[in-house]
>>> print(open('work.pdb').read())   # PDB, C-alpha atoms and all ligand atoms
MODEL        1
ATOM      1  CA  MET A1155     -87.156  87.480 -11.811  1.00  0.00           C
ATOM      2  CA  ARG A1156     -83.807  86.511 -10.335  1.00  0.00           C
ATOM      3  CA  ILE A1157     -80.514  85.980 -12.145  1.00  0.00           C
ATOM      4  CA  GLY A1158     -80.646  82.327 -11.083  1.00  0.00           C
ATOM      5  CA  ASP A1159     -83.830  81.922 -13.122  1.00  0.00           C
ATOM      6  CA  LEU A1160     -81.795  82.726 -16.257  1.00  0.00           C
ATOM      7  CA  VAL A1161     -78.918  80.307 -15.658  1.00  0.00           C
ATOM      8  CA  LYS A1162     -79.145  77.216 -17.876  1.00  0.00           C
ATOM      9  CA  THR A1163     -77.913  73.732 -16.995  1.00  0.00           C
ATOM     10  CA  GLU A1164     -77.316  70.292 -18.468  1.00  0.00           C
ATOM     11  CA  THR A1165     -81.053  69.749 -18.944  1.00  0.00           C
ATOM     12  CA  GLN A1166     -81.505  72.464 -21.569  1.00  0.00           C
ATOM     13  CA  GLU A1167     -81.077  72.689 -25.332  1.00  0.00           C
ATOM     14  CA  GLY A1168     -77.563  73.702 -26.336  1.00  0.00           C
ATOM     15  CA  LYS A1169     -76.007  72.036 -23.312  1.00  0.00           C
ATOM     16  CA  GLU A1170     -73.369  70.179 -25.379  1.00  0.00           C
ATOM     17  CA  LYS A1171     -71.760  73.470 -26.451  1.00  0.00           C
ATOM     18  CA  HIS A1172     -72.280  75.466 -23.276  1.00  0.00           C
ATOM     19  CA  VAL A1173     -72.344  73.588 -19.981  1.00  0.00           C
ATOM     20  CA  PRO A1174     -68.902  73.996 -18.394  1.00  0.00           C
ATOM     21  CA  VAL A1175     -67.196  70.671 -17.720  1.00  0.00           C
ATOM     22  CA  ILE A1176     -65.211  70.700 -14.464  1.00  0.00           C
ATOM     23  CA  GLU A1177     -62.387  68.198 -14.037  1.00  0.00           C
ATOM     24  CA  LEU A1178     -59.499  67.667 -11.649  1.00  0.00           C
ATOM     25  CA  VAL A1179     -56.403  66.889 -13.699  1.00  0.00           C
ATOM     26  CA  ASP A1180     -52.708  66.249 -13.157  1.00  0.00           C
ATOM     27  CA  TYR A1181     -50.248  69.059 -13.779  1.00  0.00           C
ATOM     28  CA  PRO A1182     -46.490  68.691 -14.352  1.00  0.00           C
ATOM     29  CA  ASP A1183     -44.347  69.287 -11.266  1.00  0.00           C
ATOM     30  CA  CYS A1184     -47.427  69.688  -9.062  1.00  0.00           C
ATOM     31  CA  THR A1185     -48.416  67.101  -6.450  1.00  0.00           C
ATOM     32  CA  ASP A1186     -52.020  68.273  -6.283  1.00  0.00           C
ATOM     33  CA  LYS A1187     -54.568  68.084  -9.058  1.00  0.00           C
ATOM     34  CA  ILE A1188     -55.586  71.341 -10.696  1.00  0.00           C
ATOM     35  CA  VAL A1189     -59.053  72.487 -11.731  1.00  0.00           C
ATOM     36  CA  LYS A1190     -59.768  72.426 -15.465  1.00  0.00           C
ATOM     37  CA  ILE A1191     -62.929  73.932 -16.936  1.00  0.00           C
ATOM     38  CA  THR A1192     -63.883  73.388 -20.567  1.00  0.00           C
ATOM     39  CA  VAL A1193     -66.852  74.860 -22.413  1.00  0.00           C
ATOM     40  CA  GLY A1194     -67.786  72.857 -25.502  1.00  0.00           C
ATOM     41  CA  LYS A1195     -65.973  69.676 -24.567  1.00  0.00           C
ATOM     42  CA  GLU A1196     -68.666  67.421 -26.071  1.00  0.00           C
ATOM     43  CA  VAL A1197     -69.477  69.641 -29.072  1.00  0.00           C
ATOM     44  CA  PRO A1198     -67.140  72.585 -29.751  1.00  0.00           C
ATOM     45  CA  HIS A1199     -68.578  76.041 -29.244  1.00  0.00           C
ATOM     46  CA  PRO A1200     -68.159  78.351 -32.330  1.00  0.00           C
ATOM     47  CA  ASN A1201     -65.696  80.761 -30.619  1.00  0.00           C
ATOM     48  CA  THR A1202     -65.820  83.684 -33.042  1.00  0.00           C
ATOM     49  CA  ILE A1203     -65.994  87.419 -32.533  1.00  0.00           C
ATOM     50  CA  ALA A1204     -69.742  87.271 -33.174  1.00  0.00           C
ATOM     51  CA  HIS A1205     -70.392  84.227 -30.963  1.00  0.00           C
ATOM     52  CA  HIS A1206     -68.075  83.469 -28.089  1.00  0.00           C
ATOM     53  CA  ILE A1207     -67.694  82.607 -24.437  1.00  0.00           C
ATOM     54  CA  LYS A1208     -67.057  85.930 -22.716  1.00  0.00           C
ATOM     55  CA  TRP A1209     -66.084  84.684 -19.284  1.00  0.00           C
ATOM     56  CA  ILE A1210     -65.911  81.712 -16.916  1.00  0.00           C
ATOM     57  CA  HIS A1211     -66.085  81.986 -13.133  1.00  0.00           C
ATOM     58  CA  LEU A1212     -65.274  79.284 -10.603  1.00  0.00           C
ATOM     59  CA  TYR A1213     -66.807  79.049  -7.125  1.00  0.00           C
ATOM     60  CA  GLY A1214     -66.147  76.687  -4.272  1.00  0.00           C
ATOM     61  CA  VAL A1215     -68.846  75.685  -1.823  1.00  0.00           C
ATOM     62  CA  LYS A1216     -67.712  76.038   1.783  1.00  0.00           C
ATOM     63  CA  GLU A1217     -70.141  75.461   4.637  1.00  0.00           C
ATOM     64  CA  GLY A1218     -73.104  76.234   2.408  1.00  0.00           C
ATOM     65  CA  LEU A1219     -71.660  79.457   0.963  1.00  0.00           C
ATOM     66  CA  ALA A1220     -70.362  80.136  -2.546  1.00  0.00           C
ATOM     67  CA  VAL A1221     -66.777  81.371  -2.390  1.00  0.00           C
ATOM     68  CA  HIS A1222     -65.441  83.020  -5.544  1.00  0.00           C
ATOM     69  CA  MET A1223     -62.223  81.235  -6.493  1.00  0.00           C
ATOM     70  CA  ALA A1224     -61.253  82.389 -10.012  1.00  0.00           C
ATOM     71  CA  ALA A1225     -62.377  84.530 -12.951  1.00  0.00           C
ATOM     72  CA  PHE A1226     -61.308  84.111 -16.571  1.00  0.00           C
ATOM     73  CA  ASP A1227     -62.088  86.873 -19.080  1.00  0.00           C
ATOM     74  CA  LEU A1228     -61.972  85.300 -22.535  1.00  0.00           C
ATOM     75  CA  GLY A1229     -63.915  87.068 -25.201  1.00  0.00           C
ATOM     76  CA  PRO A1230     -64.353  88.079 -27.840  1.00  0.00           C
ATOM     77  CA  THR A1231     -61.914  85.452 -28.986  1.00  0.00           C
ATOM     78  CA  TYR A1232     -61.274  82.602 -31.361  1.00  0.00           C
ATOM     79  CA  GLY A1233     -59.555  80.758 -28.543  1.00  0.00           C
ATOM     80  CA  ILE A1234     -60.977  77.570 -27.124  1.00  0.00           C
ATOM     81  CA  PRO A1235     -62.688  78.259 -23.791  1.00  0.00           C
ATOM     82  CA  GLU A1236     -60.563  75.911 -21.712  1.00  0.00           C
ATOM     83  CA  VAL A1237     -59.019  77.262 -18.511  1.00  0.00           C
ATOM     84  CA  THR A1238     -57.098  75.849 -15.569  1.00  0.00           C
ATOM     85  CA  CYS A1239     -56.194  77.036 -12.099  1.00  0.00           C
ATOM     86  CA  HIS A1240     -54.356  75.803  -9.065  1.00  0.00           C
ATOM     87  CA  ALA A1241     -56.517  75.904  -5.951  1.00  0.00           C
ATOM     88  CA  ASN A1242     -56.443  74.670  -2.392  1.00  0.00           C
ATOM     89  CA  LEU A1243     -59.562  72.537  -2.409  1.00  0.00           C
ATOM     90  CA  ALA A1244     -59.264  71.065   1.079  1.00  0.00           C
ATOM     91  CA  GLU A1245     -61.974  73.237   2.639  1.00  0.00           C
ATOM     92  CA  PHE A1246     -64.515  72.899  -0.158  1.00  0.00           C
ATOM     93  CA  SER A1247     -67.245  70.299  -0.692  1.00  0.00           C
ATOM     94  CA  GLU A1248     -68.168  71.210  -4.251  1.00  0.00           C
ATOM     95  CA  LEU A1249     -67.090  73.333  -7.209  1.00  0.00           C
ATOM     96  CA  ILE A1250     -69.459  75.371  -9.362  1.00  0.00           C
ATOM     97  CA  ALA A1251     -68.549  76.874 -12.735  1.00  0.00           C
ATOM     98  CA  ILE A1252     -70.630  79.455 -14.537  1.00  0.00           C
ATOM     99  CA  GLU A1253     -69.959  80.821 -17.996  1.00  0.00           C
ATOM    100  CA  TYR A1254     -71.438  83.507 -20.227  1.00  0.00           C
ATOM    101  CA  CYS A1255     -72.014  83.041 -23.972  1.00  0.00           C
ATOM    102  CA  ASN A1256     -72.798  86.337 -25.669  1.00  0.00           C
ATOM    103  CA  ILE A1257     -75.581  84.683 -27.697  1.00  0.00           C
ATOM    104  CA  HIS A1258     -76.920  81.941 -25.425  1.00  0.00           C
ATOM    105  CA  GLY A1259     -76.517  83.434 -21.960  1.00  0.00           C
ATOM    106  CA  LEU A1260     -75.475  81.947 -18.639  1.00  0.00           C
ATOM    107  CA  TRP A1261     -74.717  78.254 -18.076  1.00  0.00           C
ATOM    108  CA  GLU A1262     -73.542  76.413 -14.987  1.00  0.00           C
ATOM    109  CA  SER A1263     -72.429  73.045 -13.725  1.00  0.00           C
ATOM    110  CA  SER A1264     -71.139  71.583 -10.476  1.00  0.00           C
ATOM    111  CA  PHE A1265     -68.575  69.014  -9.383  1.00  0.00           C
ATOM    112  CA  ILE A1266     -68.733  67.190  -6.042  1.00  0.00           C
ATOM    113  CA  LEU A1267     -65.332  66.950  -4.340  1.00  0.00           C
ATOM    114  CA  SER A1268     -64.650  63.688  -2.600  1.00  0.00           C
ATOM    115  CA  PRO A1269     -63.834  64.071   1.122  1.00  0.00           C
TER     116      PRO A1269
HETATM  117 FE    FE B1301     -73.194  80.030 -27.615  1.00  0.00          FE
ENDMDL
END
>>> encode(input="work.pdb", output="structure tokens", more="lines below")
Ligand SMILES: [Fe+2]
Amino acid sequence: MRIGDLVKTETQEGKEKHVPVIELVDYPDCTDKIVKITVGKEVPHPNTIAHHIKWIHLYGVKEGLAVHMAAFDLGPTYGIPEVTCHANLAEFSELIAIEYCNIHGLWESSFILSP
């Protein structure tokens, strides 16, 4: 088995609470958009000590390789798993976010960057 075999996506049960939603959003006093990742945007994730999003990682795809761009260590927490980061996206064709729920495992999504 490979770790990739255990990563869930938008086709699996529980997706509404777990698949990370990647967006490019405006940020005050910044000319470039920033990356925003939300877990549980459609249906809020519980976010308790017993059941929480432990971490979110962001990768950029550059010439067919995954480049690690940011890591957010969140749990255990009652906080909403919503994170943002500034990033130079010019060299990347796609973004991939992966998150870990301590009960429901690994989930990922991707976002195609327009040229
Ligand atoms: Fe969960």
>>> residues_around(input="work.pdb", residues="Asp1186 in chain A", least_positions_apart="3", cutoff="12 Å", atoms="all atoms listed in the file", output="PyMOL selection string")
chain A and resi 1178-1183+1189+1239-1244
>>> closest_residue(input="work.pdb", among="A:His1172, A:Arg1156, A:His1222, A:Lys1187", to="ligand FE 1301 (chain B)", atoms="all atoms listed in the file")
A:His1172
>>> resolve_selection(input="work.pdb", expression="the PyMOL selection byres (((not hetatm)) within 12 of (chain B and resi 1301))", output="MDAnalysis selection string")
chainID A and resid 1162 1167:1174 1193:1194 1197:1209 1229:1230 1235 1253:1261
>>> atom_distance(input="work.pdb", atom1="CA of Val1215 in chain A", atom2="CA of Glu1248 in chain A")
5.1 Å
>>> resolve_selection(input="work.pdb", expression="the PyMOL selection byres (((chain A and resi 1212) around 7) and not hetatm)", output="PDB file with C-alpha atoms, in the frame of the given file")
ATOM      1  CA  ILE A1210     -65.911  81.712 -16.916  1.00  0.00           C
ATOM      2  CA  HIS A1211     -66.085  81.986 -13.133  1.00  0.00           C
ATOM      3  CA  TYR A1213     -66.807  79.049  -7.125  1.00  0.00           C
ATOM      4  CA  GLY A1214     -66.147  76.687  -4.272  1.00  0.00           C
ATOM      5  CA  HIS A1222     -65.441  83.020  -5.544  1.00  0.00           C
ATOM      6  CA  MET A1223     -62.223  81.235  -6.493  1.00  0.00           C
ATOM      7  CA  ALA A1224     -61.253  82.389 -10.012  1.00  0.00           C
ATOM      8  CA  ALA A1225     -62.377  84.530 -12.951  1.00  0.00           C
ATOM      9  CA  ILE A1250     -69.459  75.371  -9.362  1.00  0.00           C
ATOM     10  CA  ALA A1251     -68.549  76.874 -12.735  1.00  0.00           C
ATOM     11  CA  ILE A1252     -70.630  79.455 -14.537  1.00  0.00           C
TER      12      ILE A1252
END
>>> atom_distance(input="work.pdb", atom1="CA of Glu1196 in chain A", atom2="CA of Phe1246 in chain A")
26.8 Å
>>> closest_residue(input="work.pdb", among="A:Gly1158, A:Ser1268, A:Glu1217, A:Val1175", to="Lys1190 in chain A", atoms="only C-alpha atoms")
A:Val1175
>>> atom_distance(input="work.pdb", atom1="CA of Lys1195 in chain A", atom2="CA of Glu1262 in chain A")
13.9 Å
>>> axis_aligned_box(input="work.pdb", around="range 1168-1186 of chain A", padding_each_side="5 Å", output="AutoDock Vina command-line options")
--center_x -61.0 --center_y 70.9 --center_z -16.4 --size_x 43.2 --size_y 19.2 --size_z 30.2
>>> closest_residue(input="work.pdb", among="A:Thr1165, A:Thr1231, A:Thr1192, A:Ser1247", to="Glu1177 in chain A", atoms="all atoms listed in the file")
A:Thr1192
>>> build_atoms(input="work.pdb", residues="range 1220-1238 of chain A", atoms="N, CA and C atoms", output="PDB file, in the frame of the given file")
ATOM      1  N   ALA A1220     -71.146  80.118  -1.315  1.00  0.00           N
ATOM      2  CA  ALA A1220     -70.362  80.136  -2.546  1.00  0.00           C
ATOM      3  C   ALA A1220     -69.189  81.093  -2.355  1.00  0.00           C
ATOM      4  N   VAL A1221     -67.991  80.569  -2.519  1.00  0.00           N
ATOM      5  CA  VAL A1221     -66.777  81.371  -2.390  1.00  0.00           C
ATOM      6  C   VAL A1221     -66.166  81.530  -3.784  1.00  0.00           C
ATOM      7  N   HIS A1222     -65.997  82.777  -4.216  1.00  0.00           N
ATOM      8  CA  HIS A1222     -65.441  83.020  -5.544  1.00  0.00           C
ATOM      9  C   HIS A1222     -63.970  82.636  -5.553  1.00  0.00           C
ATOM     10  N   MET A1223     -63.590  81.752  -6.472  1.00  0.00           N
ATOM     11  CA  MET A1223     -62.223  81.235  -6.493  1.00  0.00           C
ATOM     12  C   MET A1223     -61.400  81.762  -7.669  1.00  0.00           C
ATOM     13  N   ALA A1224     -62.025  81.956  -8.839  1.00  0.00           N
ATOM     14  CA  ALA A1224     -61.253  82.389 -10.012  1.00  0.00           C
ATOM     15  C   ALA A1224     -62.184  82.980 -11.056  1.00  0.00           C
ATOM     16  N   ALA A1225     -61.636  83.919 -11.851  1.00  0.00           N
ATOM     17  CA  ALA A1225     -62.377  84.530 -12.951  1.00  0.00           C
ATOM     18  C   ALA A1225     -61.485  84.545 -14.181  1.00  0.00           C
ATOM     19  N   PHE A1226     -62.048  84.163 -15.312  1.00  0.00           N
ATOM     20  CA  PHE A1226     -61.308  84.111 -16.571  1.00  0.00           C
ATOM     21  C   PHE A1226     -62.074  84.941 -17.597  1.00  0.00           C
ATOM     22  N   ASP A1227     -61.456  86.021 -18.080  1.00  0.00           N
ATOM     23  CA  ASP A1227     -62.088  86.873 -19.080  1.00  0.00           C
ATOM     24  C   ASP A1227     -61.552  86.460 -20.445  1.00  0.00           C
ATOM     25  N   LEU A1228     -62.419  85.969 -21.314  1.00  0.00           N
ATOM     26  CA  LEU A1228     -61.972  85.300 -22.535  1.00  0.00           C
ATOM     27  C   LEU A1228     -62.306  86.020 -23.837  1.00  0.00           C
ATOM     28  N   GLY A1229     -63.440  86.658 -23.896  1.00  0.00           N
ATOM     29  CA  GLY A1229     -63.915  87.068 -25.201  1.00  0.00           C
ATOM     30  C   GLY A1229     -63.899  88.552 -25.441  1.00  0.00           C
ATOM     31  N   PRO A1230     -64.138  88.956 -26.684  1.00  0.00           N
ATOM     32  CA  PRO A1230     -64.353  88.079 -27.840  1.00  0.00           C
ATOM     33  C   PRO A1230     -63.048  87.442 -28.297  1.00  0.00           C
ATOM     34  N   THR A1231     -63.135  86.179 -28.654  1.00  0.00           N
ATOM     35  CA  THR A1231     -61.914  85.452 -28.986  1.00  0.00           C
ATOM     36  C   THR A1231     -62.206  84.263 -29.884  1.00  0.00           C
ATOM     37  N   TYR A1232     -61.209  83.853 -30.611  1.00  0.00           N
ATOM     38  CA  TYR A1232     -61.274  82.602 -31.361  1.00  0.00           C
ATOM     39  C   TYR A1232     -60.690  81.455 -30.550  1.00  0.00           C
ATOM     40  N   GLY A1233     -60.169  81.779 -29.387  1.00  0.00           N
ATOM     41  CA  GLY A1233     -59.555  80.758 -28.543  1.00  0.00           C
ATOM     42  C   GLY A1233     -60.575  79.784 -27.997  1.00  0.00           C
ATOM     43  N   ILE A1234     -60.109  78.587 -27.708  1.00  0.00           N
ATOM     44  CA  ILE A1234     -60.977  77.570 -27.124  1.00  0.00           C
ATOM     45  C   ILE A1234     -61.186  77.897 -25.649  1.00  0.00           C
ATOM     46  N   PRO A1235     -62.435  77.929 -25.190  1.00  0.00           N
ATOM     47  CA  PRO A1235     -62.688  78.259 -23.791  1.00  0.00           C
ATOM     48  C   PRO A1235     -62.357  77.094 -22.858  1.00  0.00           C
ATOM     49  N   GLU A1236     -61.078  76.950 -22.614  1.00  0.00           N
ATOM     50  CA  GLU A1236     -60.563  75.911 -21.712  1.00  0.00           C
ATOM     51  C   GLU A1236     -59.575  76.593 -20.779  1.00  0.00           C
ATOM     52  N   VAL A1237     -59.843  76.550 -19.484  1.00  0.00           N
ATOM     53  CA  VAL A1237     -59.019  77.262 -18.511  1.00  0.00           C
ATOM     54  C   VAL A1237     -58.630  76.318 -17.378  1.00  0.00           C
ATOM     55  N   THR A1238     -57.536  76.641 -16.717  1.00  0.00           N
ATOM     56  CA  THR A1238     -57.098  75.849 -15.569  1.00  0.00           C
ATOM     57  C   THR A1238     -56.672  76.782 -14.442  1.00  0.00           C
TER      58      THR A1238
END
